[in-house]
Amino acid sequence: MGALSQCAHTQTTTELLPQGSTHYAQLRCATCGEHLRFLPKPENVERRKLNAYRLAKLQMAPGLNQWERQFVDSLVKLGSNRLSPKQQDMFDRLCLTHLDRRAA
Ligand SMILES: [Zn+2]
């Protein structure tokens with residue numbers, strides 16, 4: 001049993017990859033050393049979760065003007081984890097303006 005191209009062992013180990021690698025770390029089988037999958041940077045995961053949460057909050061915020069609402073809608077369609085630095089910047093600003101400080 002087990003997913004395609006993965007060994008049947010259950011023990012895994014995380015191996016950090018050298019700086020400059022495309023990926024942050026990889027998950028390997030602790031028994032045979034087979035590569036299982038790449039792992040994202042923890043702070044990127046946190047950022048994505050926070051973005052998704054704040055984006056949902058912004059969608060419900062009452063004070064947005066039409067342009068801001070369109071911007072929020074476009075981010076929803078794009079996916080909150082694929083923001084460009086410029087979009088992230090604008091997004092952060094909207095959160096500060098429209099969201100409760102505890103949420104922003
Ligand atoms: Zn294995």
# chains A, B, ... in the order shown; residues from 1 in each chain; ligands from 1
$ residues_near_ligand --ligand "ligand 1" --cutoff "8 Å" --atoms "only C-alpha atoms and all ligand atoms" --output "ChimeraX atom specification"
/A:6-11,28-34
$ select_by_dssp --residues "chain A" --states "strand (DSSP E or B)" --output "VMD selection string"
chain A and resid 12 to 16 25 to 29 35 to 39
$ atom_distance --atom1 "atom CA of Asp100 of chain A" --atom2 "atom CA of Tyr53 of chain A"
12.6 Å
$ residues_around --residues "segment 59-69 of chain A" --least-positions-apart "3" --cutoff "10 Å" --atoms "only C-alpha atoms" --output "list in words"
Arg54, Leu55, Ala56, Val72, Asp73, Ser74, Leu75, Val76, Met90, Phe91, Leu94, Cys95, Thr97, His98, Leu99 and Asp100 of chain A
$ closest_residue --among "A:Lys49, A:Lys41, A:Lys86, A:Arg93" --to "Leu16 of chain A" --atoms "only C-alpha atoms"
A:Lys41
$ closest_residue --among "A:Ser21, A:Asn44, A:Asn51, A:Thr14" --to "Gly79 of chain A" --atoms "only C-alpha atoms"
A:Asn51
$ decode --residues "segment 36-65 of chain A" --atoms "N, CA, C and O atoms" --output "PDB file, in the first residue's frame"
ATOM      1  N   LEU A  36      10.352  12.005  -0.053  1.00  0.00           N
ATOM      2  CA  LEU A  36       8.881  11.924  -0.042  1.00  0.00           C
ATOM      3  C   LEU A  36       8.246  13.173  -0.624  1.00  0.00           C
ATOM      4  O   LEU A  36       7.406  13.108  -1.497  1.00  0.00           O
ATOM      5  N   ARG A  37       8.630  14.330  -0.093  1.00  0.00           N
ATOM      6  CA  ARG A  37       8.132  15.570  -0.677  1.00  0.00           C
ATOM      7  C   ARG A  37       8.936  16.750  -0.160  1.00  0.00           C
ATOM      8  O   ARG A  37       9.632  16.636   0.844  1.00  0.00           O
ATOM      9  N   PHE A  38       8.779  17.901  -0.833  1.00  0.00           N
ATOM     10  CA  PHE A  38       9.433  19.123  -0.386  1.00  0.00           C
ATOM     11  C   PHE A  38       8.533  19.846   0.607  1.00  0.00           C
ATOM     12  O   PHE A  38       7.308  19.732   0.563  1.00  0.00           O
ATOM     13  N   LEU A  39       9.171  20.592   1.506  1.00  0.00           N
ATOM     14  CA  LEU A  39       8.410  21.309   2.529  1.00  0.00           C
ATOM     15  C   LEU A  39       8.619  22.810   2.381  1.00  0.00           C
ATOM     16  O   LEU A  39       9.735  23.259   2.139  1.00  0.00           O
ATOM     17  N   PRO A  40       7.558  23.598   2.529  1.00  0.00           N
ATOM     18  CA  PRO A  40       7.700  25.054   2.440  1.00  0.00           C
ATOM     19  C   PRO A  40       8.269  25.630   3.739  1.00  0.00           C
ATOM     20  O   PRO A  40       8.229  24.990   4.776  1.00  0.00           O
ATOM     21  N   LYS A  41       8.787  26.817   3.623  1.00  0.00           N
ATOM     22  CA  LYS A  41       9.295  27.531   4.787  1.00  0.00           C
ATOM     23  C   LYS A  41       8.167  27.775   5.794  1.00  0.00           C
ATOM     24  O   LYS A  41       7.103  28.228   5.392  1.00  0.00           O
ATOM     25  N   PRO A  42       8.406  27.529   7.069  1.00  0.00           N
ATOM     26  CA  PRO A  42       7.323  27.695   8.053  1.00  0.00           C
ATOM     27  C   PRO A  42       6.708  29.090   8.059  1.00  0.00           C
ATOM     28  O   PRO A  42       5.495  29.232   8.145  1.00  0.00           O
ATOM     29  N   GLU A  43       7.533  30.137   7.918  1.00  0.00           N
ATOM     30  CA  GLU A  43       6.944  31.481   7.973  1.00  0.00           C
ATOM     31  C   GLU A  43       6.086  31.772   6.749  1.00  0.00           C
ATOM     32  O   GLU A  43       5.154  32.554   6.820  1.00  0.00           O
ATOM     33  N   ASN A  44       6.401  31.142   5.617  1.00  0.00           N
ATOM     34  CA  ASN A  44       5.543  31.297   4.441  1.00  0.00           C
ATOM     35  C   ASN A  44       4.177  30.654   4.667  1.00  0.00           C
ATOM     36  O   ASN A  44       3.152  31.169   4.242  1.00  0.00           O
ATOM     37  N   VAL A  45       4.184  29.512   5.333  1.00  0.00           N
ATOM     38  CA  VAL A  45       2.931  28.828   5.639  1.00  0.00           C
ATOM     39  C   VAL A  45       2.087  29.701   6.551  1.00  0.00           C
ATOM     40  O   VAL A  45       0.885  29.871   6.341  1.00  0.00           O
ATOM     41  N   GLU A  46       2.720  30.292   7.578  1.00  0.00           N
ATOM     42  CA  GLU A  46       2.014  31.172   8.505  1.00  0.00           C
ATOM     43  C   GLU A  46       1.430  32.367   7.771  1.00  0.00           C
ATOM     44  O   GLU A  46       0.301  32.762   7.996  1.00  0.00           O
ATOM     45  N   ARG A  47       2.236  32.942   6.902  1.00  0.00           N
ATOM     46  CA  ARG A  47       1.821  34.124   6.142  1.00  0.00           C
ATOM     47  C   ARG A  47       0.593  33.799   5.283  1.00  0.00           C
ATOM     48  O   ARG A  47      -0.345  34.576   5.205  1.00  0.00           O
ATOM     49  N   ARG A  48       0.624  32.636   4.644  1.00  0.00           N
ATOM     50  CA  ARG A  48      -0.496  32.227   3.792  1.00  0.00           C
ATOM     51  C   ARG A  48      -1.758  32.056   4.600  1.00  0.00           C
ATOM     52  O   ARG A  48      -2.827  32.467   4.197  1.00  0.00           O
ATOM     53  N   LYS A  49      -1.610  31.424   5.772  1.00  0.00           N
ATOM     54  CA  LYS A  49      -2.780  31.202   6.624  1.00  0.00           C
ATOM     55  C   LYS A  49      -3.354  32.532   7.069  1.00  0.00           C
ATOM     56  O   LYS A  49      -4.557  32.746   7.057  1.00  0.00           O
ATOM     57  N   LEU A  50      -2.452  33.446   7.470  1.00  0.00           N
ATOM     58  CA  LEU A  50      -2.873  34.756   7.934  1.00  0.00           C
ATOM     59  C   LEU A  50      -3.527  35.525   6.793  1.00  0.00           C
ATOM     60  O   LEU A  50      -4.566  36.159   6.980  1.00  0.00           O
ATOM     61  N   ASN A  51      -2.945  35.474   5.607  1.00  0.00           N
ATOM     62  CA  ASN A  51      -3.517  36.138   4.439  1.00  0.00           C
ATOM     63  C   ASN A  51      -4.937  35.641   4.167  1.00  0.00           C
ATOM     64  O   ASN A  51      -5.843  36.442   3.945  1.00  0.00           O
ATOM     65  N   ALA A  52      -5.109  34.331   4.177  1.00  0.00           N
ATOM     66  CA  ALA A  52      -6.420  33.756   3.887  1.00  0.00           C
ATOM     67  C   ALA A  52      -7.438  34.210   4.923  1.00  0.00           C
ATOM     68  O   ALA A  52      -8.574  34.551   4.595  1.00  0.00           O
ATOM     69  N   TYR A  53      -7.021  34.245   6.165  1.00  0.00           N
ATOM     70  CA  TYR A  53      -7.899  34.658   7.251  1.00  0.00           C
ATOM     71  C   TYR A  53      -8.293  36.129   7.109  1.00  0.00           C
ATOM     72  O   TYR A  53      -9.462  36.486   7.202  1.00  0.00           O
ATOM     73  N   ARG A  54      -7.281  36.972   6.844  1.00  0.00           N
ATOM     74  CA  ARG A  54      -7.559  38.403   6.743  1.00  0.00           C
ATOM     75  C   ARG A  54      -8.360  38.724   5.484  1.00  0.00           C
ATOM     76  O   ARG A  54      -9.174  39.636   5.479  1.00  0.00           O
ATOM     77  N   LEU A  55      -8.125  37.960   4.421  1.00  0.00           N
ATOM     78  CA  LEU A  55      -8.871  38.170   3.180  1.00  0.00           C
ATOM     79  C   LEU A  55     -10.358  37.876   3.399  1.00  0.00           C
ATOM     80  O   LEU A  55     -11.224  38.641   2.967  1.00  0.00           O
ATOM     81  N   ALA A  56     -10.637  36.805   4.123  1.00  0.00           N
ATOM     82  CA  ALA A  56     -12.027  36.461   4.429  1.00  0.00           C
ATOM     83  C   ALA A  56     -12.668  37.556   5.279  1.00  0.00           C
ATOM     84  O   ALA A  56     -13.831  37.914   5.084  1.00  0.00           O
ATOM     85  N   LYS A  57     -11.890  38.094   6.203  1.00  0.00           N
ATOM     86  CA  LYS A  57     -12.385  39.178   7.061  1.00  0.00           C
ATOM     87  C   LYS A  57     -12.672  40.435   6.238  1.00  0.00           C
ATOM     88  O   LYS A  57     -13.679  41.104   6.438  1.00  0.00           O
ATOM     89  N   LEU A  58     -11.752  40.730   5.318  1.00  0.00           N
ATOM     90  CA  LEU A  58     -11.910  41.925   4.487  1.00  0.00           C
ATOM     91  C   LEU A  58     -13.152  41.837   3.609  1.00  0.00           C
ATOM     92  O   LEU A  58     -13.835  42.829   3.382  1.00  0.00           O
ATOM     93  N   GLN A  59     -13.423  40.641   3.129  1.00  0.00           N
ATOM     94  CA  GLN A  59     -14.613  40.448   2.289  1.00  0.00           C
ATOM     95  C   GLN A  59     -15.884  40.825   3.038  1.00  0.00           C
ATOM     96  O   GLN A  59     -16.872  41.214   2.441  1.00  0.00           O
ATOM     97  N   MET A  60     -15.841  40.645   4.363  1.00  0.00           N
ATOM     98  CA  MET A  60     -17.023  40.929   5.176  1.00  0.00           C
ATOM     99  C   MET A  60     -17.011  42.335   5.764  1.00  0.00           C
ATOM    100  O   MET A  60     -17.971  42.770   6.373  1.00  0.00           O
ATOM    101  N   ALA A  61     -15.903  43.033   5.592  1.00  0.00           N
ATOM    102  CA  ALA A  61     -15.791  44.367   6.175  1.00  0.00           C
ATOM    103  C   ALA A  61     -16.750  45.327   5.469  1.00  0.00           C
ATOM    104  O   ALA A  61     -16.842  45.318   4.247  1.00  0.00           O
ATOM    105  N   PRO A  62     -17.466  46.149   6.233  1.00  0.00           N
ATOM    106  CA  PRO A  62     -18.495  47.001   5.635  1.00  0.00           C
ATOM    107  C   PRO A  62     -17.955  48.281   4.993  1.00  0.00           C
ATOM    108  O   PRO A  62     -18.600  48.855   4.137  1.00  0.00           O
ATOM    109  N   GLY A  63     -16.767  48.733   5.363  1.00  0.00           N
ATOM    110  CA  GLY A  63     -16.328  50.079   4.984  1.00  0.00           C
ATOM    111  C   GLY A  63     -15.573  50.214   3.674  1.00  0.00           C
ATOM    112  O   GLY A  63     -15.085  51.291   3.354  1.00  0.00           O
ATOM    113  N   LEU A  64     -15.488  49.142   2.906  1.00  0.00           N
ATOM    114  CA  LEU A  64     -14.694  49.202   1.676  1.00  0.00           C
ATOM    115  C   LEU A  64     -15.402  49.976   0.574  1.00  0.00           C
ATOM    116  O   LEU A  64     -16.607  49.835   0.392  1.00  0.00           O
ATOM    117  N   ASN A  65     -14.646  50.789  -0.155  1.00  0.00           N
ATOM    118  CA  ASN A  65     -15.248  51.442  -1.318  1.00  0.00           C
ATOM    119  C   ASN A  65     -15.235  50.473  -2.497  1.00  0.00           C
ATOM    120  O   ASN A  65     -14.715  49.360  -2.383  1.00  0.00           O
TER     121      ASN A  65
END
